[in-house]
Amino acid sequence: MVGLGIAGMAAAIGLRQAGWTPVVVERAAARRRGGYFVGLMPDGRRAAEELGVARHLHVRNPPDEAQAWELDRQGGRAPGLGFLDQPGRPAAVLRGDIEEALWRTLAEGRHPPDVRFATTCTAIDDDGDRAEVLLDHAGHRYRETFDLVVGADGLRSGVRRAVFGDGHLTRWGAMICAFELPDQVPAFHPQDSVVSARPGRAAWVFAFADRPPTALLTWRTRDAGRPADRQAGVARVRDAFAGMDDAVVRHVLTGLEQAPEHLLDSVHQVRMPRWSSGRVVLVGDAAWCLTLYSGHGASTALRGGAALGRALREHPEDLGAALTVWEAGLRPAVRSHQRVARLKQQLFVPSGPVAAAARRGILRLGAASRARRSQSAA
Ligand SMILES: Cc1cc2nc3c(=O)[nH]c(=O)nc-3n(C[C@H](O)[C@H](O)[C@H](O)COP(=O)(O)OP(=O)(O)OC[C@H]3O[C@@H](n4cnc5c(N)ncnc54)[C@H](O)[C@@H]3O)c2cc1C
């Protein structure tokens with residue numbers, strides 16, 4: 001297993017359920033914590049149940065009466081629709097909450113998991129019977145052979161590049177910056193979510209029941225390269241939001257300056273005709289990155305790991321058949337999420353004035369229908 005993110009840990013648990021003994025290598029020196037808001041969808045929650053992870057998952061949904069607000073150009077607020085108002089009642093968590101639940105589940109096995117931090121996979125030689133992997137731990141290189149190599153190393157997967165070549169990343173002409181805020185936007189209730197969206201750029205504040213909110217800034221740009229360092233990154237975000245001077249953007253940009261860490265990246269989808277080759281298989285963002293706009297990446301990463309374990313259990317003697325069945329089962333959902341992500345992107349960050357007006361209309365209707373539902377429930 002290459003990568004100790006959601007996809008890597010889910011696949012490790014799935015493999016263990018199928019009787020395998022996973023070894024995980026992770027480039028980082030230690031496990032990540034915290035992160036950004038993730039809404040876990042019903043299929044992700046079902047996969048978490050199947051993996052035995054759900055009971056460790058700390059869910060942080062604000063109470064039902066919490067409100068989602070949209071800011072207008074004058075800084076006024078109107079009821080809006082938040083991420084959690086989507087059908088299926090997504091579970092509000094931090095990425096780190098899912099990783100923590102997966103980690104605790106992994107640690108419950110009969111043997112402690114073999115997880116090697118500060119270790120990368122630098123080459124793979126698959127002779128059909130076994131895959132020989134060249135590993136690098138802080139400059140010390142060694143070879144080891146495995147029955148299966150699972151590339152769970154994210155959007156810019158090295159396993160994908162080594163085995164399947166380049167050219168699988170599609171460009172979306174957009175950037176994201178996500179981080180934890182120390183507190184809520186002034187004058188808003190701590191458990192309310194707030195969005196300020198203009199053509200081409202948007203600031204989102206996601207609230208939780210029991211901790212300060214997280215922020216997401218996203219904007220459309222032709223220059224979607226990644227800045228060299230933190231300072232250049234913050235300057236880049238400030239530039240992108242120059243002139244958008246409302247309470248949300250001001251608060252979020254100040255929060256960015258203070259945040260101990262942030263994620264700043266360009267937006268891409270991964271499109272591949274096949275997710276496995278011989279004894280190498282890709283899972284999660286490495287295989288099918290849906291983009292954050294789909295709101296299904298974490299759910300599908302969990303689902304992929306659970307399904308991989310199931311396929312290996314059902315085809316214990318035939319790896320090729322297991323991988324074929326696994327991919328056939330998962331691909332329709334991935335294809336659909338990848339398509340819908342383009343539409344959802346317009347809700348996250350409208351491409352221009354027409355899309356922004358359409359978005360406002362959709363949100364107004366949605367918010368009115370939400371209000372009617374709450375009144376009839378009361
Ligand atoms: C801002 C934002 C909001 C999101 N919101 C949602 C949401 O609401 N709902 C949802 O379902 N999804 C959401 N997603 C998507 C979801 O977070 C991802 O799809 C999911 O976390 C991907 O997990 P992964 O394990 O595939 O990849 P990653 O999380 O990228 O993990 C890859 C791991 O591999 C390691 N690694 C990389 N290269 C190497 C190497 N060479 N050797 C060893 N290790 C390596 C990395 O250090 C990392 O630990 C969001 C994403 C973002 C960015």
# chains A, B, ... in the order shown; residues from 1 in each chain; ligands from 1
call {"tool": "closest_atom_pairs", "arguments": {"of": "chain A", "to": "ligand 1", "cutoff": "7 Å", "atoms": "only C-alpha atoms and all ligand atoms", "output": "JSON lines"}}
result
{"residue": "A:Val2", "atom": "CA", "partner": "ligand 1", "partner_atom_place_in_ligand_line": "43 (C)", "distance": 5.0}
{"residue": "A:Gly3", "atom": "CA", "partner": "ligand 1", "partner_atom_place_in_ligand_line": "34 (O)", "distance": 3.2}
{"residue": "A:Leu4", "atom": "CA", "partner": "ligand 1", "partner_atom_place_in_ligand_line": "49 (O)", "distance": 4.5}
{"residue": "A:Gly5", "atom": "CA", "partner": "ligand 1", "partner_atom_place_in_ligand_line": "25 (O)", "distance": 3.5}
{"residue": "A:Ile6", "atom": "CA", "partner": "ligand 1", "partner_atom_place_in_ligand_line": "25 (O)", "distance": 4.0}
{"residue": "A:Ala7", "atom": "CA", "partner": "ligand 1", "partner_atom_place_in_ligand_line": "25 (O)", "distance": 3.7}
{"residue": "A:Gly8", "atom": "CA", "partner": "ligand 1", "partner_atom_place_in_ligand_line": "25 (O)", "distance": 5.4}
{"residue": "A:Val25", "atom": "CA", "partner": "ligand 1", "partner_atom_place_in_ligand_line": "43 (C)", "distance": 5.4}
{"residue": "A:Glu26", "atom": "CA", "partner": "ligand 1", "partner_atom_place_in_ligand_line": "44 (N)", "distance": 3.7}
{"residue": "A:Arg27", "atom": "CA", "partner": "ligand 1", "partner_atom_place_in_ligand_line": "43 (C)", "distance": 3.8}
{"residue": "A:Ala28", "atom": "CA", "partner": "ligand 1", "partner_atom_place_in_ligand_line": "47 (O)", "distance": 5.2}
{"residue": "A:Tyr36", "atom": "CA", "partner": "ligand 1", "partner_atom_place_in_ligand_line": "1 (C)", "distance": 5.8}
{"residue": "A:Phe37", "atom": "CA", "partner": "ligand 1", "partner_atom_place_in_ligand_line": "5 (N)", "distance": 5.9}
{"residue": "A:Val38", "atom": "CA", "partner": "ligand 1", "partner_atom_place_in_ligand_line": "8 (O)", "distance": 3.4}
{"residue": "A:Gly39", "atom": "CA", "partner": "ligand 1", "partner_atom_place_in_ligand_line": "8 (O)", "distance": 3.8}
{"residue": "A:Leu40", "atom": "CA", "partner": "ligand 1", "partner_atom_place_in_ligand_line": "11 (O)", "distance": 5.3}
{"residue": "A:Met41", "atom": "CA", "partner": "ligand 1", "partner_atom_place_in_ligand_line": "11 (O)", "distance": 6.7}
{"residue": "A:Arg95", "atom": "CA", "partner": "ligand 1", "partner_atom_place_in_ligand_line": "17 (O)", "distance": 6.2}
{"residue": "A:Thr119", "atom": "CA", "partner": "ligand 1", "partner_atom_place_in_ligand_line": "43 (C)", "distance": 6.0}
{"residue": "A:Thr120", "atom": "CA", "partner": "ligand 1", "partner_atom_place_in_ligand_line": "42 (N)", "distance": 3.6}
{"residue": "A:Cys121", "atom": "CA", "partner": "ligand 1", "partner_atom_place_in_ligand_line": "42 (N)", "distance": 5.2}
{"residue": "A:Ala152", "atom": "CA", "partner": "ligand 1", "partner_atom_place_in_ligand_line": "26 (O)", "distance": 5.5}
{"residue": "A:Asp153", "atom": "CA", "partner": "ligand 1", "partner_atom_place_in_ligand_line": "34 (O)", "distance": 3.4}
{"residue": "A:Gly154", "atom": "CA", "partner": "ligand 1", "partner_atom_place_in_ligand_line": "30 (O)", "distance": 3.6}
{"residue": "A:Leu155", "atom": "CA", "partner": "ligand 1", "partner_atom_place_in_ligand_line": "30 (O)", "distance": 5.9}
{"residue": "A:Ser157", "atom": "CA", "partner": "ligand 1", "partner_atom_place_in_ligand_line": "38 (N)", "distance": 5.8}
{"residue": "A:Gly158", "atom": "CA", "partner": "ligand 1", "partner_atom_place_in_ligand_line": "41 (N)", "distance": 5.2}
{"residue": "A:Ile176", "atom": "CA", "partner": "ligand 1", "partner_atom_place_in_ligand_line": "1 (C)", "distance": 6.7}
{"residue": "A:Cys177", "atom": "CA", "partner": "ligand 1", "partner_atom_place_in_ligand_line": "1 (C)", "distance": 6.8}
{"residue": "A:Ala178", "atom": "CA", "partner": "ligand 1", "partner_atom_place_in_ligand_line": "1 (C)", "distance": 5.1}
{"residue": "A:Leu216", "atom": "CA", "partner": "ligand 1", "partner_atom_place_in_ligand_line": "1 (C)", "distance": 6.2}
{"residue": "A:Val283", "atom": "CA", "partner": "ligand 1", "partner_atom_place_in_ligand_line": "26 (O)", "distance": 6.5}
{"residue": "A:Gly284", "atom": "CA", "partner": "ligand 1", "partner_atom_place_in_ligand_line": "26 (O)", "distance": 3.5}
{"residue": "A:Asp285", "atom": "CA", "partner": "ligand 1", "partner_atom_place_in_ligand_line": "26 (O)", "distance": 3.8}
{"residue": "A:Ala286", "atom": "CA", "partner": "ligand 1", "partner_atom_place_in_ligand_line": "26 (O)", "distance": 5.8}
{"residue": "A:Cys289", "atom": "CA", "partner": "ligand 1", "partner_atom_place_in_ligand_line": "19 (O)", "distance": 6.1}
{"residue": "A:Leu290", "atom": "CA", "partner": "ligand 1", "partner_atom_place_in_ligand_line": "19 (O)", "distance": 6.8}
{"residue": "A:Thr291", "atom": "CA", "partner": "ligand 1", "partner_atom_place_in_ligand_line": "15 (C)", "distance": 6.5}
{"residue": "A:Leu292", "atom": "CA", "partner": "ligand 1", "partner_atom_place_in_ligand_line": "50 (C)", "distance": 4.2}
{"residue": "A:Gly295", "atom": "CA", "partner": "ligand 1", "partner_atom_place_in_ligand_line": "9 (N)", "distance": 3.8}
{"residue": "A:His296", "atom": "CA", "partner": "ligand 1", "partner_atom_place_in_ligand_line": "11 (O)", "distance": 3.4}
{"residue": "A:Gly297", "atom": "CA", "partner": "ligand 1", "partner_atom_place_in_ligand_line": "19 (O)", "distance": 3.2}
{"residue": "A:Ala298", "atom": "CA", "partner": "ligand 1", "partner_atom_place_in_ligand_line": "11 (O)", "distance": 3.5}
{"residue": "A:Ser299", "atom": "CA", "partner": "ligand 1", "partner_atom_place_in_ligand_line": "11 (O)", "distance": 4.4}
{"residue": "A:Thr300", "atom": "CA", "partner": "ligand 1", "partner_atom_place_in_ligand_line": "11 (O)", "distance": 6.7}
{"residue": "A:Ala301", "atom": "CA", "partner": "ligand 1", "partner_atom_place_in_ligand_line": "26 (O)", "distance": 6.0}
call {"tool": "closest_atom_pairs", "arguments": {"of": "region 322-351 of chain A", "to": "region 196-210 of chain A", "cutoff": "9 Å", "atoms": "only C-alpha atoms", "output": "JSON lines"}}
result
{"residue": "A:Leu347", "atom": "CA", "partner": "A:Ala197", "partner_atom": "CA", "distance": 9.0}
{"residue": "A:Phe348", "atom": "CA", "partner": "A:Ala202", "partner_atom": "CA", "distance": 7.0}
{"residue": "A:Val349", "atom": "CA", "partner": "A:Ala202", "partner_atom": "CA", "distance": 5.5}
{"residue": "A:Pro350", "atom": "CA", "partner": "A:Pro199", "partner_atom": "CA", "distance": 5.2}
{"residue": "A:Ser351", "atom": "CA", "partner": "A:Gly200", "partner_atom": "CA", "distance": 5.1}
call {"tool": "residues_around", "arguments": {"residues": "region 96-109 of chain A", "least_positions_apart": "2", "cutoff": "7 Å", "atoms": "only C-alpha atoms", "output": "number ranges by chain"}}
result
A: 5-6, 9-10, 13, 32-35, 52-53, 56-58, 93-94, 111-113
call {"tool": "closest_residue", "arguments": {"among": "A:Asp72, A:Asp223, A:Asp64, A:Glu180", "to": "Pro260 (chain A)", "atoms": "only C-alpha atoms"}}
result
A:Glu180
call {"tool": "atom_distance", "arguments": {"atom1": "CA of Asp245 (chain A)", "atom2": "CA of Ala187 (chain A)"}}
result
16.1 Å
call {"tool": "residues_around", "arguments": {"residues": "region 276-280 of chain A", "least_positions_apart": "6", "cutoff": "7 Å", "atoms": "only C-alpha atoms", "output": "ChimeraX atom specification"}}
result
/A:126,128,131,147-150
call {"tool": "select_by_dssp", "arguments": {"residues": "region 18-116 of chain A", "states": "alpha helix (DSSP H)", "output": "VMD selection string"}}
result
chain A and resid 42 to 51 95 to 107
call {"tool": "write_last_selection", "arguments": {"atoms": "N, CA and C atoms", "output": "short mmCIF file (atom, residue, chain, number, x, y, z; two decimals), in the first residue's frame"}}
result
data_model
loop_
_atom_site.label_atom_id
_atom_site.label_comp_id
_atom_site.auth_asym_id
_atom_site.auth_seq_id
_atom_site.Cartn_x
_atom_site.Cartn_y
_atom_site.Cartn_z
N PRO A 42 -24.06 8.99 2.07
CA PRO A 42 -24.57 7.70 2.54
C PRO A 42 -23.74 6.51 2.06
N ASP A 43 -23.26 6.53 0.81
CA ASP A 43 -22.48 5.36 0.35
C ASP A 43 -21.14 5.28 1.10
N GLY A 44 -20.58 6.44 1.45
CA GLY A 44 -19.34 6.44 2.23
C GLY A 44 -19.59 5.93 3.64
N ARG A 45 -20.75 6.30 4.19
CA ARG A 45 -21.05 5.84 5.57
C ARG A 45 -21.29 4.32 5.57
N ARG A 46 -21.94 3.82 4.49
CA ARG A 46 -22.15 2.37 4.41
C ARG A 46 -20.81 1.65 4.30
N ALA A 47 -19.89 2.21 3.50
CA ALA A 47 -18.56 1.59 3.37
C ALA A 47 -17.83 1.63 4.71
N ALA A 48 -18.01 2.74 5.44
CA ALA A 48 -17.36 2.84 6.76
C ALA A 48 -17.89 1.76 7.69
N GLU A 49 -19.19 1.47 7.59
CA GLU A 49 -19.78 0.36 8.38
C GLU A 49 -19.12 -0.96 7.98
N GLU A 50 -19.05 -1.18 6.69
CA GLU A 50 -18.52 -2.46 6.19
C GLU A 50 -17.07 -2.67 6.64
N LEU A 51 -16.33 -1.57 6.70
CA LEU A 51 -14.92 -1.66 7.11
C LEU A 51 -14.76 -1.71 8.63
N ARG A 95 -11.38 15.85 7.48
CA ARG A 95 -10.68 14.73 6.84
C ARG A 95 -9.95 13.90 7.89
N GLY A 96 -9.35 14.61 8.86
CA GLY A 96 -8.61 13.92 9.92
C GLY A 96 -9.48 13.02 10.79
N ASP A 97 -10.79 13.34 10.90
CA ASP A 97 -11.68 12.46 11.68
C ASP A 97 -11.81 11.10 11.00
N ILE A 98 -11.90 11.13 9.68
CA ILE A 98 -12.02 9.85 8.94
C ILE A 98 -10.71 9.08 9.08
N GLU A 99 -9.60 9.80 8.92
CA GLU A 99 -8.30 9.12 9.00
C GLU A 99 -8.08 8.55 10.40
N GLU A 100 -8.52 9.29 11.42
CA GLU A 100 -8.38 8.80 12.80
C GLU A 100 -9.19 7.51 13.00
N ALA A 101 -10.43 7.52 12.48
CA ALA A 101 -11.29 6.32 12.64
C ALA A 101 -10.68 5.13 11.90
N LEU A 102 -10.13 5.38 10.72
CA LEU A 102 -9.49 4.30 9.96
C LEU A 102 -8.27 3.77 10.71
N TRP A 103 -7.51 4.70 11.25
CA TRP A 103 -6.28 4.33 11.96
C TRP A 103 -6.61 3.47 13.18
N ARG A 104 -7.63 3.89 13.92
CA ARG A 104 -8.01 3.11 15.11
C ARG A 104 -8.48 1.73 14.72
N THR A 105 -9.18 1.64 13.61
CA THR A 105 -9.65 0.32 13.14
C THR A 105 -8.46 -0.55 12.73
N LEU A 106 -7.51 0.08 12.02
CA LEU A 106 -6.31 -0.67 11.61
C LEU A 106 -5.56 -1.21 12.83
N ALA A 107 -5.50 -0.37 13.88
CA ALA A 107 -4.72 -0.73 15.07
C ALA A 107 -5.39 -1.85 15.86
#
call {"tool": "closest_residue", "arguments": {"among": "A:Gly304, A:Gly309, A:Pro22, A:Gly14", "to": "Val115 (chain A)", "atoms": "only C-alpha atoms"}}
result
A:Pro22
call {"tool": "residues_around", "arguments": {"residues": "Ala78 (chain A)", "least_positions_apart": "4", "cutoff": "7 Å", "atoms": "only C-alpha atoms", "output": "list in words"}}
result
Trp69, Glu70 and Leu71 of chain A
call {"tool": "write_last_selection", "arguments": {"atoms": "N, CA and C atoms", "output": "mmCIF file, in the first residue's frame"}}
result
data_model
loop_
_atom_site.group_PDB
_atom_site.id
_atom_site.type_symbol
_atom_site.label_atom_id
_atom_site.label_comp_id
_atom_site.auth_asym_id
_atom_site.auth_seq_id
_atom_site.Cartn_x
_atom_site.Cartn_y
_atom_site.Cartn_z
ATOM 1 N N TRP A 69 -25.948 30.668 5.187
ATOM 2 C CA TRP A 69 -26.167 32.038 4.694
ATOM 3 C C TRP A 69 -25.356 32.289 3.438
ATOM 4 N N GLU A 70 -25.940 33.139 2.578
ATOM 5 C CA GLU A 70 -25.234 33.638 1.390
ATOM 6 C C GLU A 70 -25.072 35.131 1.542
ATOM 7 N N LEU A 71 -23.887 35.618 1.260
ATOM 8 C CA LEU A 71 -23.692 37.067 1.320
ATOM 9 C C LEU A 71 -23.963 37.687 -0.054
#
call {"tool": "atom_distance", "arguments": {"atom1": "CA of Val281 (chain A)", "atom2": "CA of Gly151 (chain A)"}}
result
6.1 Å
call {"tool": "residues_around", "arguments": {"residues": "Ala311 (chain A)", "least_positions_apart": "3", "cutoff": "6 Å", "atoms": "only C-alpha atoms", "output": "PyMOL selection string"}}
result
chain A and resi 308+314+322+326
call {"tool": "decode", "arguments": {"residues": "region 21-32 of chain A", "atoms": "all heavy atoms", "output": "compact mmCIF listing (two decimals), in the first residue's frame"}}
result
# COMPACT_ATOMS: atom_id res chain seq x y z
N THR A 21 -2.07 -9.47 4.44
CA THR A 21 -1.31 -8.75 5.46
C THR A 21 -0.72 -7.49 4.83
O THR A 21 0.34 -7.54 4.19
CB THR A 21 -0.16 -9.63 6.01
OG1 THR A 21 -0.71 -10.88 6.39
CG2 THR A 21 0.53 -8.98 7.20
N PRO A 22 -1.42 -6.36 4.96
CA PRO A 22 -0.94 -5.16 4.26
C PRO A 22 0.29 -4.52 4.91
O PRO A 22 0.45 -4.57 6.13
CB PRO A 22 -2.13 -4.20 4.34
CG PRO A 22 -2.98 -4.69 5.46
CD PRO A 22 -2.70 -6.15 5.64
N VAL A 23 1.14 -3.96 4.06
CA VAL A 23 2.27 -3.14 4.50
C VAL A 23 2.02 -1.76 3.90
O VAL A 23 1.75 -1.67 2.70
CB VAL A 23 3.60 -3.71 3.95
CG1 VAL A 23 4.76 -2.78 4.26
CG2 VAL A 23 3.85 -5.11 4.50
N VAL A 24 2.06 -0.71 4.72
CA VAL A 24 1.77 0.62 4.20
C VAL A 24 3.03 1.47 4.25
O VAL A 24 3.67 1.57 5.30
CB VAL A 24 0.66 1.33 5.02
CG1 VAL A 24 0.26 2.65 4.35
CG2 VAL A 24 -0.57 0.43 5.20
N VAL A 25 3.39 2.09 3.13
CA VAL A 25 4.48 3.07 3.16
C VAL A 25 3.89 4.46 2.96
O VAL A 25 2.99 4.64 2.13
CB VAL A 25 5.59 2.78 2.11
CG1 VAL A 25 6.22 1.43 2.35
CG2 VAL A 25 5.09 2.89 0.69
N GLU A 26 4.36 5.40 3.75
CA GLU A 26 3.83 6.77 3.71
C GLU A 26 5.00 7.76 3.65
O GLU A 26 5.91 7.69 4.45
CB GLU A 26 2.96 7.01 4.96
CG GLU A 26 2.63 8.47 5.25
CD GLU A 26 1.92 9.21 4.12
OE1 GLU A 26 0.96 8.67 3.57
OE2 GLU A 26 2.38 10.33 3.78
N ARG A 27 4.90 8.67 2.68
CA ARG A 27 5.98 9.64 2.48
C ARG A 27 6.18 10.56 3.69
O ARG A 27 7.32 10.88 4.05
CB ARG A 27 5.65 10.48 1.24
CG ARG A 27 6.67 11.51 0.89
CD ARG A 27 6.32 12.19 -0.40
NE ARG A 27 4.98 12.78 -0.34
CZ ARG A 27 4.32 13.26 -1.39
NH1 ARG A 27 4.87 13.19 -2.59
NH2 ARG A 27 3.14 13.79 -1.26
N ALA A 28 5.08 10.95 4.32
CA ALA A 28 5.19 11.90 5.45
C ALA A 28 5.84 11.21 6.65
O ALA A 28 5.81 9.98 6.78
CB ALA A 28 3.80 12.40 5.83
N ALA A 29 6.40 12.04 7.54
CA ALA A 29 7.10 11.49 8.70
C ALA A 29 6.14 11.02 9.78
O ALA A 29 6.50 10.26 10.68
CB ALA A 29 8.04 12.55 9.26
N ALA A 30 4.89 11.50 9.73
CA ALA A 30 3.92 11.12 10.76
C ALA A 30 2.52 11.24 10.17
O ALA A 30 2.34 11.79 9.07
CB ALA A 30 4.05 12.06 11.96
N ARG A 31 1.55 10.78 10.91
CA ARG A 31 0.16 10.83 10.46
C ARG A 31 -0.35 12.27 10.43
O ARG A 31 0.00 13.07 11.28
CB ARG A 31 -0.69 10.01 11.43
CG ARG A 31 -1.69 9.12 10.75
CD ARG A 31 -1.98 7.92 11.58
NE ARG A 31 -2.45 8.24 12.92
CZ ARG A 31 -3.64 8.79 13.19
NH1 ARG A 31 -4.47 9.12 12.23
NH2 ARG A 31 -4.00 9.01 14.43
N ARG A 32 -1.22 12.59 9.45
CA ARG A 32 -1.81 13.93 9.37
C ARG A 32 -2.97 14.04 10.36
O ARG A 32 -3.61 13.05 10.67
CB ARG A 32 -2.38 14.19 7.98
CG ARG A 32 -1.39 14.08 6.88
CD ARG A 32 -2.02 14.38 5.55
NE ARG A 32 -3.00 13.39 5.13
CZ ARG A 32 -3.50 13.30 3.90
NH1 ARG A 32 -3.11 14.15 2.99
NH2 ARG A 32 -4.38 12.39 3.58
